[in-house]
Amino acid sequence: MSYFLDIVLPIPLERLFTYRISPQEAEFIQKGMRVAVPFGKSKIYTALAYDVHQNAPEAYEAKEIYQVLDEKPLVNPFQFKHWEWIAQYYMCTLGEVVRSALPSAFLLESETLILLNKNKEVNDLELKDDEFLVYEALQHQSALKIAEISGIVDRKNVLPLVSRLVQKGVILQKEELYEQYKPKMVRYVKLSNEFDNEAKLEALLNDLSRAPKQSQVVLALFQIQASSKKPIAITDLEKESGSSKAVIKTLIDKSILEEYHIRKDRVEHNENQVEKNIQLNPLQQEAFESIITTFADNKTALLHGVTSSGKTEVYIKQIEKCLGQKKQALYLLPEIALTSQLISRLRQYFGNKVSVYHSKYSIHERVEVWNNVLNQKEKAQIVIGARSSLFLPFANLGLIVVDEEHESSFKQFDPAPRYHARDAAIVLASYHKANCILGSATPSIESMGNVRKGKYGYASINSRYGNVLLPDINLVDIKEATRKKRMKGHFSETLFKAIEETLEEGEQVILFQNRRGFSPIVECTTCGNVTQCPNCDVSLTYHQHNNQLRCHYCGYHMALQNSCGACGSFTLDKKGFGTEQIQEELKELFPEAKVGRMDLDTTRGKYAYEKIITAFEQQEMDILVGTQMVTKGLDFRNVSLVGIMNADSLLNFPDYRAHERSFQMLTQVAGRAGRTKKRGKVLIQTYNPYHQILQQVTTNEYDKMFNEQLYEREQFKYPPVVRIIKLTLKDKDFNKLNEAAQWFAGSLQNVLKQQVLGPEYPPVARIRRDYLKNIVVKIPRNQSMAQTKNSIKRIEKSFNAISKYKSVRLVYNVDHI
């Protein structure tokens with residue numbers, strides 16, 4: 001009887017593929033195990049086992065699998081169910097979800113090895129020079145990798161050369177799977193069993209009296225053993241005895257010491273619990289009980305607490321309750337920058353039960369966290385992470401906390417799946433029958449809309465912890481100040497004096513400017529030419545620290561030219577300003593102050609966030625300048641002034657969410673001020689101080705903002721009143737893209753009638769040499785989302801059948817933010 005296995009390949013193809021397996025394999029393989037399979041002409045891929053059955057595929061001859069890679073499933077049924085929902089809802093393939101969800105170390109791919117064909121007589125004279133170089137190298141080595149051949153012939157593309165040699169029969173190709181993850185093995189030593197009794201031990205020490213260094217090592221070993229029952233690492237013994245590795249190696253060679261290895265995780269935390277009990281104040285207690293009532297009704301809870309109201313303590317209490325039921329908890333954060341502060345807080349209460357998972361971790365570290373969660377180890381009972389931690393193999397999830405739920409960073413933009421972590425977390429919680437809390441000082445319009453409809457429960461904390469006053473927020477009119485020439489660089493007199501006073505009192509300042517680099521535009525004052533990116537439709541941003549012009553979309557960079565590229569004039573003017581320019585101005589205006597910067601350029605390293613945040617917490621910096629990274633949930637006790645350099649750049653953004661986002665961002669950044677006894681101060685520089693959103697921020701009127709924004713969305717049919725799917729078409733050929741977009745929009749219009757907008761160019765109409773065009777589909781709440789998606793998919797099939805549109809790429813973004 002023949003057995004077959006359906007597998008999910010981590011590639012963007014809609015369907016499952018079927019392979020032949022033996023009866024023994026059919027008995028052993030379970031859903032969620034990894035198998036290596038041949039796919040295409042010669043590649044071997046890692047795939048996930050999906051279903052064992054006895055139905056042979058009709059369209060093709062089933063190949064045999066290459067090997068089974070796991071002894072037990074790596075992916076559990078909850079994950080499969082969740083991933084299938086993500087693929088279906090966000091209109092992508094299950095393969096794309098698998099590729100995004102699994103740490104890359106699990107997705108082994110094959111490498112092509114080149115071997116010499118020993119059965120073929122080769123005439124050296126028939127080979128070209130580069131072919132002979134490869135042939136000669138194979139006389140001395142059993143196999144070569146493609147990269148090694150590149151090095152030998154000093155050329156990047158060597159595949160034509162390899163195929164010529166294959167045709168001549170000189171070489172053979174072989175695919176080999178290689179494992180990317182290597183467990184960390186720590187070397188330990190112990191005294192050999194030979195010296196168990198005291199007589200032999202005494203004899204040994206007498207023998208070693210002639211070798212004082214070796215004797216010192218053995219005595220140090222006894223000392224460590226007496227003080228601690230733990231295994232002794234070679235590095236510890238080296239430190240304790242003050243000797244070298246060579247001395248320890250000599251003792252191992254003499255069989256006096258025995259060496260052994262223990263597998264260790266790369267991320268180990270030795271902090272012990274400090275505080276066991278946490279006392280909630282009456283407002284927090286009330287919110288805590290409201291959340292429990294919401295959970296009893298099987299609803300998601302929204303915790304709406306003003307900045308610094310102590311929402312984290314309420315989460316900690318809920319996590320404590322969850323751990324008491326022997327369940328796992330997931331704490332989602334929008335930004336990696338936030339994790340470093342939160343980890344130390346959670347470790348005070350939960351000790352070593354906390355694991356962290358985000359993209360700054362190496363592939364090895366991510367594999368270890370994955371395995372700890374899969375095996376339900378104690379060290380992974382609580383997982384803190386960015387959006388990707390949703391994909392971890394939880395089998396016993398009791399609680400999901402989505403902190404700062406309004407944040408747009410929870411939405412994945414590229415590559416697929418373009419999911420929203422908040423919405424996906426609510427679905428994941430429902431599969432596990434777990435509880436879910438969304439928390440924010442400025443909830444999104446969607447979440448608050450769900451509260452008003454009764455879909456979510458609601459809890460609020462409307463005053464700061466310890467009754468600290470909310471900051472005093474003032475608007476500074478820089479239109480008037482610029483006209484009267486009262487600006488010092490980009491600082492108004494008011495902000496300059498406030499910074500001066502704050503520094504005199506020994507307190508710290510945060511300045512927010514949502515643009516990195518030194519200057520976004522370099523313009524020639526003679527001819528008006530602005531240096532553009534050759535690959536994208538944007539001007540290059542000037543970065544002063546390395547005197548470069550950079551594109552923030554594709555990464556293209558060039559040195560700043562002394563003269564205009566168009567007319568040759570030397571009159572180049574830098575317009576606009578970013579965080580780098582603010583930092584430079586501050587150094588001139590306040591030479592005594594220590595100024596730090598936190599943006600994408602300064603936080604590239606693995607521990608970069610932590611270093612900047614710790615330095616600012618320990619008051620090694622007086623002023624921190626940053627982009628939106630500084631606005632989120634960070635807790636600095638000594639900040640009494642927050643300055644927003646230019647609020648208008650947020651408000652005047654071509655997006656229906658611009659006003660909601662501005663309110664959220666300004667309120668959040670204002671919330672970093674005055675988090676202890678003294679009232680904080682916030683100064684917002686703007687050319688339009690009478691703007692309704694800015695007025696609402698100064699008076700902290702969330703409800704007013706919510707009602708106005710909801711009214712506007714109802715008038716213009718935007719979420720949450722309707723649901724949105726944005727389709728982006730991409731192609732390098734401008735005319736072909738226009739034609740294809742017109743065809744697609746016309747077909748959508750015919751099927752869906754009145755709810756199609758576009759095709760329209762986005763504000764940046766070309767990125768990485770691809771022209772872009774957007775079509776927006778609005779789906780009323782009473783219309784079936786699934787049916788609409790099926791209609792769009794049917795149109796896509798017809799579209800793909802048109803040969804001249806083959807090169808046009810189509811990208812779906814469901815619930816576009």
# chains A, B, ... in the order shown; residues from 1 in each chain; ligands from 1
call {"tool": "select_by_dssp", "arguments": {"residues": "range 702-805 of chain A", "states": "alpha helix (DSSP H)", "output": "PDB file with N, CA and C atoms, in the first residue's frame"}}
result
ATOM      1  N   TYR A 702      -9.203  63.029  25.130  1.00  0.00           N
ATOM      2  CA  TYR A 702      -9.242  61.867  24.233  1.00  0.00           C
ATOM      3  C   TYR A 702     -10.645  61.675  23.653  1.00  0.00           C
ATOM      4  N   ASP A 703     -11.670  61.797  24.508  1.00  0.00           N
ATOM      5  CA  ASP A 703     -13.050  61.528  24.053  1.00  0.00           C
ATOM      6  C   ASP A 703     -13.458  62.477  22.930  1.00  0.00           C
ATOM      7  N   LYS A 704     -13.059  63.737  23.063  1.00  0.00           N
ATOM      8  CA  LYS A 704     -13.404  64.725  22.045  1.00  0.00           C
ATOM      9  C   LYS A 704     -12.741  64.349  20.711  1.00  0.00           C
ATOM     10  N   MET A 705     -11.459  63.979  20.798  1.00  0.00           N
ATOM     11  CA  MET A 705     -10.733  63.565  19.590  1.00  0.00           C
ATOM     12  C   MET A 705     -11.403  62.343  18.970  1.00  0.00           C
ATOM     13  N   PHE A 706     -11.759  61.361  19.819  1.00  0.00           N
ATOM     14  CA  PHE A 706     -12.378  60.128  19.322  1.00  0.00           C
ATOM     15  C   PHE A 706     -13.692  60.432  18.588  1.00  0.00           C
ATOM     16  N   ASN A 707     -14.536  61.249  19.211  1.00  0.00           N
ATOM     17  CA  ASN A 707     -15.845  61.548  18.597  1.00  0.00           C
ATOM     18  C   ASN A 707     -15.698  62.290  17.269  1.00  0.00           C
ATOM     19  N   GLU A 708     -14.775  63.254  17.224  1.00  0.00           N
ATOM     20  CA  GLU A 708     -14.564  64.008  15.977  1.00  0.00           C
ATOM     21  C   GLU A 708     -14.031  63.116  14.865  1.00  0.00           C
ATOM     22  N   GLN A 709     -13.032  62.284  15.234  1.00  0.00           N
ATOM     23  CA  GLN A 709     -12.431  61.402  14.217  1.00  0.00           C
ATOM     24  C   GLN A 709     -13.440  60.371  13.712  1.00  0.00           C
ATOM     25  N   LEU A 710     -14.252  59.840  14.644  1.00  0.00           N
ATOM     26  CA  LEU A 710     -15.258  58.835  14.244  1.00  0.00           C
ATOM     27  C   LEU A 710     -16.294  59.468  13.317  1.00  0.00           C
ATOM     28  N   TYR A 711     -16.681  60.697  13.620  1.00  0.00           N
ATOM     29  CA  TYR A 711     -17.658  61.400  12.778  1.00  0.00           C
ATOM     30  C   TYR A 711     -17.094  61.576  11.362  1.00  0.00           C
ATOM     31  N   GLU A 712     -15.799  61.999  11.297  1.00  0.00           N
ATOM     32  CA  GLU A 712     -15.171  62.180   9.973  1.00  0.00           C
ATOM     33  C   GLU A 712     -15.090  60.869   9.215  1.00  0.00           C
ATOM     34  N   ARG A 713     -14.737  59.793   9.914  1.00  0.00           N
ATOM     35  CA  ARG A 713     -14.608  58.486   9.253  1.00  0.00           C
ATOM     36  C   ARG A 713     -15.970  58.010   8.733  1.00  0.00           C
ATOM     37  N   GLU A 714     -17.025  58.312   9.505  1.00  0.00           N
ATOM     38  CA  GLU A 714     -18.382  57.930   9.048  1.00  0.00           C
ATOM     39  C   GLU A 714     -18.737  58.704   7.776  1.00  0.00           C
ATOM     40  N   GLN A 715     -18.350  59.990   7.740  1.00  0.00           N
ATOM     41  CA  GLN A 715     -18.676  60.820   6.570  1.00  0.00           C
ATOM     42  C   GLN A 715     -17.940  60.340   5.323  1.00  0.00           C
ATOM     43  N   PHE A 716     -16.659  60.005   5.496  1.00  0.00           N
ATOM     44  CA  PHE A 716     -15.827  59.678   4.321  1.00  0.00           C
ATOM     45  C   PHE A 716     -15.613  58.179   4.128  1.00  0.00           C
ATOM     46  N   PHE A 734       6.838  51.858 -16.538  1.00  0.00           N
ATOM     47  CA  PHE A 734       5.826  52.843 -16.141  1.00  0.00           C
ATOM     48  C   PHE A 734       4.514  52.663 -16.916  1.00  0.00           C
ATOM     49  N   ASN A 735       4.605  52.518 -18.249  1.00  0.00           N
ATOM     50  CA  ASN A 735       3.390  52.422 -19.080  1.00  0.00           C
ATOM     51  C   ASN A 735       2.641  51.118 -18.838  1.00  0.00           C
ATOM     52  N   LYS A 736       3.422  50.040 -18.709  1.00  0.00           N
ATOM     53  CA  LYS A 736       2.788  48.733 -18.471  1.00  0.00           C
ATOM     54  C   LYS A 736       2.037  48.743 -17.137  1.00  0.00           C
ATOM     55  N   LEU A 737       2.658  49.366 -16.115  1.00  0.00           N
ATOM     56  CA  LEU A 737       2.025  49.443 -14.792  1.00  0.00           C
ATOM     57  C   LEU A 737       0.702  50.218 -14.881  1.00  0.00           C
ATOM     58  N   ASN A 738       0.711  51.361 -15.576  1.00  0.00           N
ATOM     59  CA  ASN A 738      -0.516  52.156 -15.718  1.00  0.00           C
ATOM     60  C   ASN A 738      -1.637  51.348 -16.353  1.00  0.00           C
ATOM     61  N   GLU A 739      -1.274  50.638 -17.422  1.00  0.00           N
ATOM     62  CA  GLU A 739      -2.261  49.836 -18.163  1.00  0.00           C
ATOM     63  C   GLU A 739      -2.808  48.712 -17.280  1.00  0.00           C
ATOM     64  N   ALA A 740      -1.886  48.011 -16.592  1.00  0.00           N
ATOM     65  CA  ALA A 740      -2.284  46.880 -15.732  1.00  0.00           C
ATOM     66  C   ALA A 740      -3.171  47.360 -14.588  1.00  0.00           C
ATOM     67  N   ALA A 741      -2.794  48.490 -13.962  1.00  0.00           N
ATOM     68  CA  ALA A 741      -3.569  49.021 -12.824  1.00  0.00           C
ATOM     69  C   ALA A 741      -4.974  49.418 -13.287  1.00  0.00           C
ATOM     70  N   GLN A 742      -5.044  50.013 -14.479  1.00  0.00           N
ATOM     71  CA  GLN A 742      -6.344  50.425 -15.026  1.00  0.00           C
ATOM     72  C   GLN A 742      -7.235  49.204 -15.269  1.00  0.00           C
ATOM     73  N   TRP A 743      -6.625  48.149 -15.820  1.00  0.00           N
ATOM     74  CA  TRP A 743      -7.365  46.898 -16.098  1.00  0.00           C
ATOM     75  C   TRP A 743      -7.902  46.309 -14.787  1.00  0.00           C
ATOM     76  N   PHE A 744      -6.997  46.246 -13.771  1.00  0.00           N
ATOM     77  CA  PHE A 744      -7.386  45.616 -12.503  1.00  0.00           C
ATOM     78  C   PHE A 744      -8.488  46.418 -11.819  1.00  0.00           C
ATOM     79  N   ALA A 745      -8.304  47.748 -11.777  1.00  0.00           N
ATOM     80  CA  ALA A 745      -9.308  48.613 -11.121  1.00  0.00           C
ATOM     81  C   ALA A 745     -10.649  48.496 -11.847  1.00  0.00           C
ATOM     82  N   GLY A 746     -10.615  48.460 -13.191  1.00  0.00           N
ATOM     83  CA  GLY A 746     -11.857  48.333 -13.978  1.00  0.00           C
ATOM     84  C   GLY A 746     -12.583  47.033 -13.659  1.00  0.00           C
ATOM     85  N   SER A 747     -11.818  45.926 -13.558  1.00  0.00           N
ATOM     86  CA  SER A 747     -12.431  44.623 -13.240  1.00  0.00           C
ATOM     87  C   SER A 747     -13.037  44.633 -11.840  1.00  0.00           C
ATOM     88  N   LEU A 748     -12.317  45.246 -10.874  1.00  0.00           N
ATOM     89  CA  LEU A 748     -12.842  45.340  -9.501  1.00  0.00           C
ATOM     90  C   LEU A 748     -14.124  46.167  -9.478  1.00  0.00           C
ATOM     91  N   GLN A 749     -14.110  47.255 -10.228  1.00  0.00           N
ATOM     92  CA  GLN A 749     -15.276  48.143 -10.299  1.00  0.00           C
ATOM     93  C   GLN A 749     -16.503  47.383 -10.827  1.00  0.00           C
ATOM     94  N   ASN A 750     -16.282  46.548 -11.853  1.00  0.00           N
ATOM     95  CA  ASN A 750     -17.392  45.772 -12.440  1.00  0.00           C
ATOM     96  C   ASN A 750     -17.989  44.804 -11.437  1.00  0.00           C
ATOM     97  N   VAL A 751     -17.109  44.174 -10.644  1.00  0.00           N
ATOM     98  CA  VAL A 751     -17.589  43.134  -9.727  1.00  0.00           C
ATOM     99  C   VAL A 751     -18.104  43.746  -8.423  1.00  0.00           C
ATOM    100  N   LEU A 752     -17.329  44.724  -7.856  1.00  0.00           N
ATOM    101  CA  LEU A 752     -17.660  45.243  -6.521  1.00  0.00           C
ATOM    102  C   LEU A 752     -18.446  46.555  -6.560  1.00  0.00           C
ATOM    103  N   MET A 785     -16.667  39.755   4.086  1.00  0.00           N
ATOM    104  CA  MET A 785     -15.244  39.989   3.768  1.00  0.00           C
ATOM    105  C   MET A 785     -14.710  38.819   2.934  1.00  0.00           C
ATOM    106  N   ALA A 786     -15.090  37.589   3.320  1.00  0.00           N
ATOM    107  CA  ALA A 786     -14.579  36.394   2.636  1.00  0.00           C
ATOM    108  C   ALA A 786     -15.005  36.386   1.168  1.00  0.00           C
ATOM    109  N   GLN A 787     -16.270  36.741   0.917  1.00  0.00           N
ATOM    110  CA  GLN A 787     -16.757  36.750  -0.483  1.00  0.00           C
ATOM    111  C   GLN A 787     -16.021  37.799  -1.317  1.00  0.00           C
ATOM    112  N   THR A 788     -15.800  38.963  -0.708  1.00  0.00           N
ATOM    113  CA  THR A 788     -15.088  40.035  -1.422  1.00  0.00           C
ATOM    114  C   THR A 788     -13.672  39.577  -1.769  1.00  0.00           C
ATOM    115  N   LYS A 789     -13.010  38.926  -0.807  1.00  0.00           N
ATOM    116  CA  LYS A 789     -11.637  38.439  -1.062  1.00  0.00           C
ATOM    117  C   LYS A 789     -11.644  37.396  -2.181  1.00  0.00           C
ATOM    118  N   ASN A 790     -12.646  36.519  -2.173  1.00  0.00           N
ATOM    119  CA  ASN A 790     -12.727  35.497  -3.236  1.00  0.00           C
ATOM    120  C   ASN A 790     -12.895  36.161  -4.599  1.00  0.00           C
ATOM    121  N   SER A 791     -13.713  37.216  -4.653  1.00  0.00           N
ATOM    122  CA  SER A 791     -13.920  37.934  -5.921  1.00  0.00           C
ATOM    123  C   SER A 791     -12.596  38.539  -6.397  1.00  0.00           C
ATOM    124  N   ILE A 792     -11.838  39.137  -5.440  1.00  0.00           N
ATOM    125  CA  ILE A 792     -10.557  39.758  -5.806  1.00  0.00           C
ATOM    126  C   ILE A 792      -9.585  38.682  -6.307  1.00  0.00           C
ATOM    127  N   LYS A 793      -9.574  37.529  -5.616  1.00  0.00           N
ATOM    128  CA  LYS A 793      -8.677  36.434  -6.018  1.00  0.00           C
ATOM    129  C   LYS A 793      -9.013  35.917  -7.420  1.00  0.00           C
ATOM    130  N   ARG A 794     -10.330  35.856  -7.736  1.00  0.00           N
ATOM    131  CA  ARG A 794     -10.742  35.395  -9.077  1.00  0.00           C
ATOM    132  C   ARG A 794     -10.247  36.378 -10.143  1.00  0.00           C
ATOM    133  N   ILE A 795     -10.356  37.685  -9.834  1.00  0.00           N
ATOM    134  CA  ILE A 795      -9.875  38.702 -10.787  1.00  0.00           C
ATOM    135  C   ILE A 795      -8.351  38.557 -10.942  1.00  0.00           C
ATOM    136  N   GLU A 796      -7.649  38.252  -9.820  1.00  0.00           N
ATOM    137  CA  GLU A 796      -6.195  38.084  -9.890  1.00  0.00           C
ATOM    138  C   GLU A 796      -5.823  36.926 -10.820  1.00  0.00           C
ATOM    139  N   LYS A 797      -6.620  35.827 -10.772  1.00  0.00           N
ATOM    140  CA  LYS A 797      -6.341  34.683 -11.659  1.00  0.00           C
ATOM    141  C   LYS A 797      -6.437  35.094 -13.119  1.00  0.00           C
ATOM    142  N   SER A 798      -7.481  35.845 -13.453  1.00  0.00           N
ATOM    143  CA  SER A 798      -7.640  36.312 -14.841  1.00  0.00           C
ATOM    144  C   SER A 798      -6.479  37.249 -15.203  1.00  0.00           C
ATOM    145  N   PHE A 799      -6.103  38.091 -14.257  1.00  0.00           N
ATOM    146  CA  PHE A 799      -5.018  39.053 -14.473  1.00  0.00           C
ATOM    147  C   PHE A 799      -3.708  38.318 -14.782  1.00  0.00           C
ATOM    148  N   ASN A 800      -3.443  37.240 -13.994  1.00  0.00           N
ATOM    149  CA  ASN A 800      -2.198  36.485 -14.185  1.00  0.00           C
ATOM    150  C   ASN A 800      -2.167  35.742 -15.518  1.00  0.00           C
TER     151      ASN A 800
END
call {"tool": "closest_residue", "arguments": {"among": "A:Ala801, A:Val369, A:Ala765, A:Ile445", "to": "Leu102 in chain A", "atoms": "only C-alpha atoms"}}
result
A:Val369
call {"tool": "residues_around", "arguments": {"residues": "Thr294 in chain A", "least_positions_apart": "6", "cutoff": "8 Å", "atoms": "only C-alpha atoms", "output": "CSV table (one decimal) with C-alpha atoms, in the first residue's frame"}}
result
chain,number,residue,atom,x,y,z
A,300,THR,CA,-11.1,41.1,25.3
A,301,ALA,CA,-10.4,43.9,27.8
A,456,TYR,CA,-14.7,44.6,24.3
A,457,GLY,CA,-14.8,45.2,28.0
A,458,TYR,CA,-13.4,48.5,29.4
call {"tool": "closest_residue", "arguments": {"among": "A:Asn535, A:Ser440, A:Asn529, A:Gln544", "to": "Lys632 in chain A", "atoms": "only C-alpha atoms"}}
result
A:Ser440
call {"tool": "atom_distance", "arguments": {"atom1": "CA of Ala143 in chain A", "atom2": "CA of Asp130 in chain A"}}
result
17.0 Å
call {"tool": "closest_residue", "arguments": {"among": "A:His545, A:Lys594, A:Lys455, A:Arg672", "to": "Gly506 in chain A", "atoms": "only C-alpha atoms"}}
result
A:Lys594
call {"tool": "closest_residue", "arguments": {"among": "A:Asn193, A:Asp236, A:Arg345, A:Lys81", "to": "His432 in chain A", "atoms": "only C-alpha atoms"}}
result
A:Lys81
call {"tool": "decode", "arguments": {"residues": "range 424-433 of chain A", "atoms": "all heavy atoms", "output": "mmCIF file, in the first residue's frame"}}
result
data_model
loop_
_atom_site.group_PDB
_atom_site.id
_atom_site.type_symbol
_atom_site.label_atom_id
_atom_site.label_comp_id
_atom_site.auth_asym_id
_atom_site.auth_seq_id
_atom_site.Cartn_x
_atom_site.Cartn_y
_atom_site.Cartn_z
ATOM 1 N N ALA A 424 -4.170 39.712 15.340
ATOM 2 C CA ALA A 424 -3.777 38.300 15.310
ATOM 3 C C ALA A 424 -3.672 37.740 16.731
ATOM 4 O O ALA A 424 -3.968 36.574 16.972
ATOM 5 C CB ALA A 424 -2.443 38.152 14.582
ATOM 6 N N ALA A 425 -3.287 38.601 17.701
ATOM 7 C CA ALA A 425 -3.173 38.157 19.099
ATOM 8 C C ALA A 425 -4.552 37.825 19.669
ATOM 9 O O ALA A 425 -4.723 36.860 20.421
ATOM 10 C CB ALA A 425 -2.514 39.244 19.942
ATOM 11 N N ILE A 426 -5.559 38.620 19.303
ATOM 12 C CA ILE A 426 -6.922 38.371 19.802
ATOM 13 C C ILE A 426 -7.428 37.026 19.271
ATOM 14 O O ILE A 426 -8.038 36.237 20.006
ATOM 15 C CB ILE A 426 -7.862 39.537 19.404
ATOM 16 C CG1 ILE A 426 -7.447 40.809 20.159
ATOM 17 C CG2 ILE A 426 -9.320 39.209 19.688
ATOM 18 C CD1 ILE A 426 -8.072 42.093 19.665
ATOM 19 N N VAL A 427 -7.115 36.737 18.000
ATOM 20 C CA VAL A 427 -7.535 35.456 17.404
ATOM 21 C C VAL A 427 -6.789 34.300 18.072
ATOM 22 O O VAL A 427 -7.372 33.274 18.410
ATOM 23 C CB VAL A 427 -7.287 35.457 15.876
ATOM 24 C CG1 VAL A 427 -7.546 34.092 15.267
ATOM 25 C CG2 VAL A 427 -8.162 36.510 15.202
ATOM 26 N N LEU A 428 -5.469 34.490 18.302
ATOM 27 C CA LEU A 428 -4.668 33.439 18.955
ATOM 28 C C LEU A 428 -5.223 33.149 20.353
ATOM 29 O O LEU A 428 -5.342 31.991 20.748
ATOM 30 C CB LEU A 428 -3.207 33.893 19.042
ATOM 31 C CG LEU A 428 -2.227 32.908 19.682
ATOM 32 C CD1 LEU A 428 -2.090 31.646 18.850
ATOM 33 C CD2 LEU A 428 -0.844 33.531 19.864
ATOM 34 N N ALA A 429 -5.582 34.198 21.086
ATOM 35 C CA ALA A 429 -6.142 34.027 22.435
ATOM 36 C C ALA A 429 -7.436 33.220 22.367
ATOM 37 O O ALA A 429 -7.684 32.339 23.195
ATOM 38 C CB ALA A 429 -6.387 35.383 23.076
ATOM 39 N N SER A 430 -8.258 33.480 21.333
ATOM 40 C CA SER A 430 -9.541 32.753 21.236
ATOM 41 C C SER A 430 -9.306 31.266 20.968
ATOM 42 O O SER A 430 -10.027 30.408 21.472
ATOM 43 C CB SER A 430 -10.438 33.369 20.146
ATOM 44 O OG SER A 430 -9.915 33.060 18.871
ATOM 45 N N TYR A 431 -8.252 30.921 20.175
ATOM 46 C CA TYR A 431 -7.951 29.497 19.916
ATOM 47 C C TYR A 431 -7.515 28.786 21.192
ATOM 48 O O TYR A 431 -7.821 27.619 21.395
ATOM 49 C CB TYR A 431 -6.850 29.360 18.854
ATOM 50 C CG TYR A 431 -7.291 29.729 17.453
ATOM 51 C CD1 TYR A 431 -6.381 30.186 16.508
ATOM 52 C CD2 TYR A 431 -8.622 29.620 17.060
ATOM 53 C CE1 TYR A 431 -6.775 30.536 15.221
ATOM 54 C CE2 TYR A 431 -9.029 29.976 15.783
ATOM 55 C CZ TYR A 431 -8.107 30.426 14.873
ATOM 56 O OH TYR A 431 -8.509 30.761 13.603
ATOM 57 N N HIS A 432 -6.764 29.500 22.043
ATOM 58 C CA HIS A 432 -6.266 28.886 23.284
ATOM 59 C C HIS A 432 -7.271 29.023 24.428
ATOM 60 O O HIS A 432 -6.985 28.579 25.534
ATOM 61 C CB HIS A 432 -4.961 29.574 23.708
ATOM 62 C CG HIS A 432 -3.755 29.118 22.950
ATOM 63 N ND1 HIS A 432 -2.982 28.050 23.331
ATOM 64 C CD2 HIS A 432 -3.177 29.586 21.817
ATOM 65 C CE1 HIS A 432 -1.987 27.893 22.477
ATOM 66 N NE2 HIS A 432 -2.084 28.819 21.546
ATOM 67 N N LYS A 433 -8.401 29.698 24.154
ATOM 68 C CA LYS A 433 -9.363 30.071 25.221
ATOM 69 C C LYS A 433 -8.623 30.837 26.317
ATOM 70 O O LYS A 433 -8.840 30.649 27.518
ATOM 71 C CB LYS A 433 -10.075 28.833 25.786
ATOM 72 C CG LYS A 433 -10.948 28.147 24.743
ATOM 73 C CD LYS A 433 -11.832 27.088 25.314
ATOM 74 C CE LYS A 433 -12.870 26.579 24.331
ATOM 75 N NZ LYS A 433 -12.405 26.344 22.962
#
